[in-house]
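A.B. asks: Here's a structure for you.
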Amino acid sequence: MLYGDYHTHTPYSHGTGTVMENAMVAKEKGLKELAITDHGFNHMSFNIKRKELKSLRRDIDEAEKATGLKIYLGVEANIISRSGKVDVKPKDFEYLEILVVGYHKAVWSDVKSMFDYILKNMLTKNPSKKLIEINTNSYIQALRKYPIDIISHLNHRCKVDVVEVAKVASEVGCYIELNGKRKHFSREQVKDMVEKTDVMFVLDSDAHSKERVGDVDMWLKLSEEYGIPKERIANLNGGIILRDKKAFYES
């Protein structure tokens, strides 16, 4: 039984379901928790704006009251450089409760990173060993620099050594997402992460419409086929544990 869906979008970025609509569907499907994680601030086309976080907080408060769900205010932030820079600032955590992070191609970055990281991955179908090393390092540095809770669709459009990323994710307390829209890991990669690391996984819908909230059927099936133990998927029978953002920035 899916306990929570921690990656959903609304019209604050380019989802079509409102916070209330997403929450109502989550309740109908028996979920107990939900996260609203619209695209991060540096996305070129579909970014939520910092000035909208206060309004989003009000929408979430209303939806929680109407549904009884626990609804987290979050963002699907972007890795915007090979050094692992992410488009969030410490002050953003006045509002943000959950931080989901991944690679997206249409993001604003500095000129050098735009050419040697963002565009290089966007235009490369068969990445070199060197590019995979660069990508892997970018995720590892991001995990060490920011209080990331979930890595979204890892290995999608930005190929990495999944084992090395999973090792650090496990070390810092970050979940690896099994994304309901994408088959972004091979059977062999899943096997290696399960056998060579202690990383925990989370099933998410990445819903951009209310109908898809809680839809994790593809990876629920694949997780069984690929041999992921159910106890390694955090949100099958309980909620996830979020990283302490205040403590992270005070340390």
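So you can find residues: chains in the structure tokens are A, B, ... in the order shown, residues in each start at 1, and ligands are numbered from 1 in order.
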As a PyMOL selection string, please: the residues near Lys70 in chain A (cut-off 12 Å, only C-alpha atoms, same-chain neighbours under 4 positions excluded).
C.D. replies: chain A and resi 3-6+23+26-27+31-36+60-66+97+239-240
A.B. asks: Atoms to include: C-alpha atoms. Write the selected residues as a PDB file, in the first residue's frame.
C.D. replies:
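Result file again21.pdb:
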ATOM      1  CA  TYR A   3       1.671   5.618   1.976  1.00  0.00           C
ATOM      2  CA  GLY A   4       2.751   8.840   0.299  1.00  0.00           C
ATOM      3  CA  ASP A   5       3.558  10.381  -3.083  1.00  0.00           C
ATOM      4  CA  TYR A   6       6.414  12.836  -2.735  1.00  0.00           C
ATOM      5  CA  ALA A  23      -4.834  16.231  -2.510  1.00  0.00           C
ATOM      6  CA  ALA A  26      -4.440  11.292  -3.079  1.00  0.00           C
ATOM      7  CA  LYS A  27      -7.103  10.882  -0.385  1.00  0.00           C
ATOM      8  CA  LEU A  31      -2.592   7.933   0.562  1.00  0.00           C
ATOM      9  CA  LYS A  32      -1.706   9.497   3.899  1.00  0.00           C
ATOM     10  CA  GLU A  33       0.960  11.952   2.723  1.00  0.00           C
ATOM     11  CA  LEU A  34       1.596  14.084  -0.341  1.00  0.00           C
ATOM     12  CA  ALA A  35       4.288  16.511  -1.458  1.00  0.00           C
ATOM     13  CA  ILE A  36       3.831  19.402  -3.851  1.00  0.00           C
ATOM     14  CA  ILE A  60      -1.476  23.512   1.160  1.00  0.00           C
ATOM     15  CA  ASP A  61      -2.916  24.536   4.525  1.00  0.00           C
ATOM     16  CA  GLU A  62      -6.408  24.599   2.995  1.00  0.00           C
ATOM     17  CA  ALA A  63      -5.926  21.216   1.323  1.00  0.00           C
ATOM     18  CA  GLU A  64      -4.638  19.648   4.533  1.00  0.00           C
ATOM     19  CA  LYS A  65      -7.677  20.907   6.407  1.00  0.00           C
ATOM     20  CA  ALA A  66     -10.050  19.592   3.730  1.00  0.00           C
ATOM     21  CA  GLU A  97       9.914  21.249   3.883  1.00  0.00           C
ATOM     22  CA  GLY A 239       6.145   7.772   5.454  1.00  0.00           C
ATOM     23  CA  ILE A 240       9.630   8.965   4.623  1.00  0.00           C
TER      24      ILE A 240
END
A.B. asks: Could you list, as a VMD selection string, every residue within 6 Å of range 165-173 of chain A, counting only C-alpha atoms and ignoring same-chain residues fewer than 3 positions away?
C.D. replies: chain A and resid 140 162 197 to 199
A.B. asks: Using only C-alpha atoms, what table do you get, as a tab-separated table, when you list each residue of range 62-148 of chain A with an atom no more than 9 Å from range 45-55 of chain A, its nearest pair of atoms, and their distance in Å rounded to one decimal, rows by chain then rising number?
C.D. replies:
residue	atom	partner	partner_atom	distance
A:Leu73	CA	A:Leu53	CA	8.5
A:Val75	CA	A:Ile48	CA	8.2
A:Asp92	CA	A:Arg50	CA	7.8
A:Tyr95	CA	A:Leu53	CA	6.7
A:Leu96	CA	A:Leu53	CA	8.3
A:Ala106	CA	A:Ser45	CA	7.4
A:Val107	CA	A:Ser45	CA	8.2
A.B. asks: Please, could you write that set of residues out with C-alpha atoms as an mmCIF file, in the first residue's frame?
C.D. replies:
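Dumped everything to part_1.cif:
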data_model
loop_
_atom_site.group_PDB
_atom_site.id
_atom_site.type_symbol
_atom_site.label_atom_id
_atom_site.label_comp_id
_atom_site.auth_asym_id
_atom_site.auth_seq_id
_atom_site.Cartn_x
_atom_site.Cartn_y
_atom_site.Cartn_z
ATOM 1 C CA LEU A 73 5.602 22.077 0.582
ATOM 2 C CA VAL A 75 10.330 21.932 -4.858
ATOM 3 C CA ASP A 92 14.095 29.170 0.932
ATOM 4 C CA TYR A 95 8.889 27.586 3.408
ATOM 5 C CA LEU A 96 10.389 24.436 1.886
ATOM 6 C CA ALA A 106 16.053 23.726 -19.662
ATOM 7 C CA VAL A 107 17.608 25.578 -16.743
#
A.B. asks: Select from range 87-216 of chain A everything DSSP, run on the backbone, classes as strand (DSSP E), then give the selection as a compact mmCIF listing (two decimals) with N, CA and C atoms, in the first residue's frame.
C.D. replies:
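Dumped everything to states.txt:
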# COMPACT_ATOMS: atom_id res chain seq x y z
N ILE A 98 10.44 19.85 1.99
CA ILE A 98 11.01 18.69 1.31
C ILE A 98 11.76 19.17 0.07
N LEU A 99 12.96 18.63 -0.13
CA LEU A 99 13.79 19.03 -1.26
C LEU A 99 14.04 17.83 -2.16
N VAL A 100 13.44 17.89 -3.35
CA VAL A 100 13.66 16.90 -4.39
C VAL A 100 14.59 17.55 -5.42
N VAL A 101 15.59 16.83 -5.90
CA VAL A 101 16.58 17.42 -6.80
C VAL A 101 16.87 16.48 -7.95
N GLY A 102 17.01 17.05 -9.15
CA GLY A 102 17.41 16.25 -10.30
C GLY A 102 17.96 17.12 -11.42
N ILE A 150 15.23 13.64 -1.70
CA ILE A 150 14.98 12.66 -2.77
C ILE A 150 15.71 13.10 -4.03
N ILE A 151 16.39 12.18 -4.68
CA ILE A 151 16.94 12.44 -6.01
C ILE A 151 15.92 11.95 -7.02
N TYR A 175 16.86 9.61 -0.29
CA TYR A 175 16.23 8.50 -1.01
C TYR A 175 16.49 8.62 -2.51
N ILE A 176 16.56 7.47 -3.17
CA ILE A 176 16.63 7.40 -4.64
C ILE A 176 15.23 7.11 -5.15
N GLU A 177 14.75 7.97 -6.03
CA GLU A 177 13.40 7.83 -6.56
C GLU A 177 13.30 6.78 -7.66
N LEU A 178 12.21 6.04 -7.62
CA LEU A 178 11.77 5.19 -8.72
C LEU A 178 10.61 5.94 -9.35
N ASN A 179 10.86 6.57 -10.49
CA ASN A 179 9.95 7.55 -11.06
C ASN A 179 8.85 6.90 -11.88
N PHE A 201 14.89 3.44 -1.32
CA PHE A 201 14.18 3.93 -2.50
C PHE A 201 12.82 4.50 -2.10
N VAL A 202 12.27 5.31 -3.01
CA VAL A 202 10.92 5.84 -2.81
C VAL A 202 10.19 5.80 -4.15
N LEU A 203 8.95 5.36 -4.14
CA LEU A 203 8.11 5.32 -5.34
C LEU A 203 7.36 6.64 -5.46
N ASP A 204 7.53 7.34 -6.59
CA ASP A 204 6.85 8.61 -6.80
C ASP A 204 6.19 8.64 -8.17
A.B. asks: Using DSSP on the backbone, list every residue of range 26-99 of chain A that comes out as helix (DSSP H, G or I), and give them as a list in words.
C.D. replies: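 Reading the DSSP output for range 26-99 of chain A, helix (DSSP H, G or I) covers Ala26, Lys27, Glu28, Arg50, Lys51, Glu52, Leu53, Lys54, Ser55, Leu56, Arg57, Arg58, Asp59, Ile60, Asp61, Glu62, Ala63, Glu64, Lys65, Ala66, Thr67, Pro90, Lys91, Asp92, Phe93 and Glu94 of chain A.
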A.B. asks: Pick the closest to Asp217 in chain A from A:Met200, A:Lys183, A:Asn155, A:Asn121: which is it, counting only C-alpha atoms?
C.D. replies: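 Closest residue, counting only C-alpha atoms: A:Lys183.
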A.B. asks: So, counting only C-alpha atoms, which residue among A:Gln141, A:Ser109, A:Ile241, A:Asp116 is closest to Cys174 in chain A?
C.D. replies: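 Answer, going by the shortest atom-to-atom distance: A:Ile241.
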A.B. asks: In Å, rounded to a single decimal, give me how far CA of Pro11 in chain A is from CA of Arg57 in chain A.
C.D. replies: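 Computing it gives 14.1 Å between the two atoms.
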A.B. asks: Need the shell around Arg82 in chain A: protein/DNA/RNA residues with any atom at most 7 Å away, counting only C-alpha atoms. Skip same-chain ones fewer than 4 positions apart. Format as a list in words?
C.D. replies: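 The contact residues come out as Ser113, Tyr117, Ile134, Asn135 and Ser138 of chain A.
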A.B. asks: Considering only C-alpha atoms, state which residue in the set A:Trp219, A:Lys159, A:Glu250, A:Ile148 is at the smallest distance from Lys181 in chain A.
C.D. replies: A:Trp219
A.B. asks: Can you pull out the residues contacting Thr10 in chain A? Cut-off 10 Å, using only C-alpha atoms, and skip same-chain residues under 5 positions away; I want them as a VMD selection string.
C.D. replies: chain A and resid 15 to 22 36 to 39 48 56 207 to 210
A.B. asks: Could you write out that same residue set with C-alpha atoms as a short mmCIF file (atom, residue, chain, number, x, y, z; two decimals), in the first residue's frame?
C.D. replies:
data_model
loop_
_atom_site.label_atom_id
_atom_site.label_comp_id
_atom_site.auth_asym_id
_atom_site.auth_seq_id
_atom_site.Cartn_x
_atom_site.Cartn_y
_atom_site.Cartn_z
CA GLY A 15 1.05 20.68 -13.66
CA THR A 16 -2.66 20.88 -14.40
CA GLY A 17 -4.11 19.71 -11.09
CA THR A 18 -4.37 22.27 -8.31
CA VAL A 19 -3.05 21.57 -4.83
CA MET A 20 -6.58 20.80 -3.67
CA GLU A 21 -7.31 18.55 -6.67
CA ASN A 22 -4.07 16.61 -6.19
CA ILE A 36 3.83 19.40 -3.85
CA THR A 37 7.16 19.74 -5.63
CA ASP A 38 6.91 22.20 -8.48
CA HIS A 39 9.89 22.89 -10.71
CA ILE A 48 7.78 28.31 -9.41
CA LEU A 56 1.43 27.86 -2.08
CA ALA A 207 2.33 13.58 -11.57
CA HIS A 208 1.64 16.54 -13.83
CA SER A 209 -2.13 15.96 -13.68
CA LYS A 210 -4.43 15.10 -10.82
#
A.B. asks: For a quick check of understanding, using only C-alpha atoms, which of A:His156, A:Arg58, A:Lys246, A:Lys120 has the smallest distance to Tyr72 in chain A?
C.D. replies: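 Ranking A:His156, A:Arg58, A:Lys246, A:Lys120 by distance to Tyr72 in chain A, first place goes to A:Arg58.
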A.B. asks: Can you pull out the residues contacting Asp110 in chain A? Cut-off 9 Å, using only C-alpha atoms, and skip same-chain residues under 3 positions away; I want them as a PyMOL selection string.
C.D. replies: chain A and resi 80-81+113-115
A.B. asks: Once you have the residues from the selection above, write them out as a compact mmCIF listing (two decimals), in the first residue's frame, restricted to N, CA and C atoms.
C.D. replies:
# COMPACT_ATOMS: atom_id res chain seq x y z
N ILE A 80 22.52 22.67 -11.39
CA ILE A 80 22.79 23.63 -12.46
C ILE A 80 24.28 23.79 -12.78
N SER A 81 25.12 22.93 -12.22
CA SER A 81 26.53 22.99 -12.58
C SER A 81 27.21 21.66 -12.30
N SER A 113 28.94 26.39 -17.21
CA SER A 113 28.15 25.20 -16.89
C SER A 113 27.10 24.91 -17.95
N MET A 114 26.57 25.96 -18.56
CA MET A 114 25.57 25.76 -19.60
C MET A 114 26.14 24.94 -20.75
N PHE A 115 27.39 25.21 -21.09
CA PHE A 115 28.00 24.52 -22.24
C PHE A 115 28.65 23.20 -21.87
A.B. asks: Please compute the CA of Ile233 in chain A-CA of Asn137 in chain A distance, one decimal, in Å.
C.D. replies: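 Answer for the CA of Ile233 in chain A to CA of Asn137 in chain A separation: 24.9 Å.
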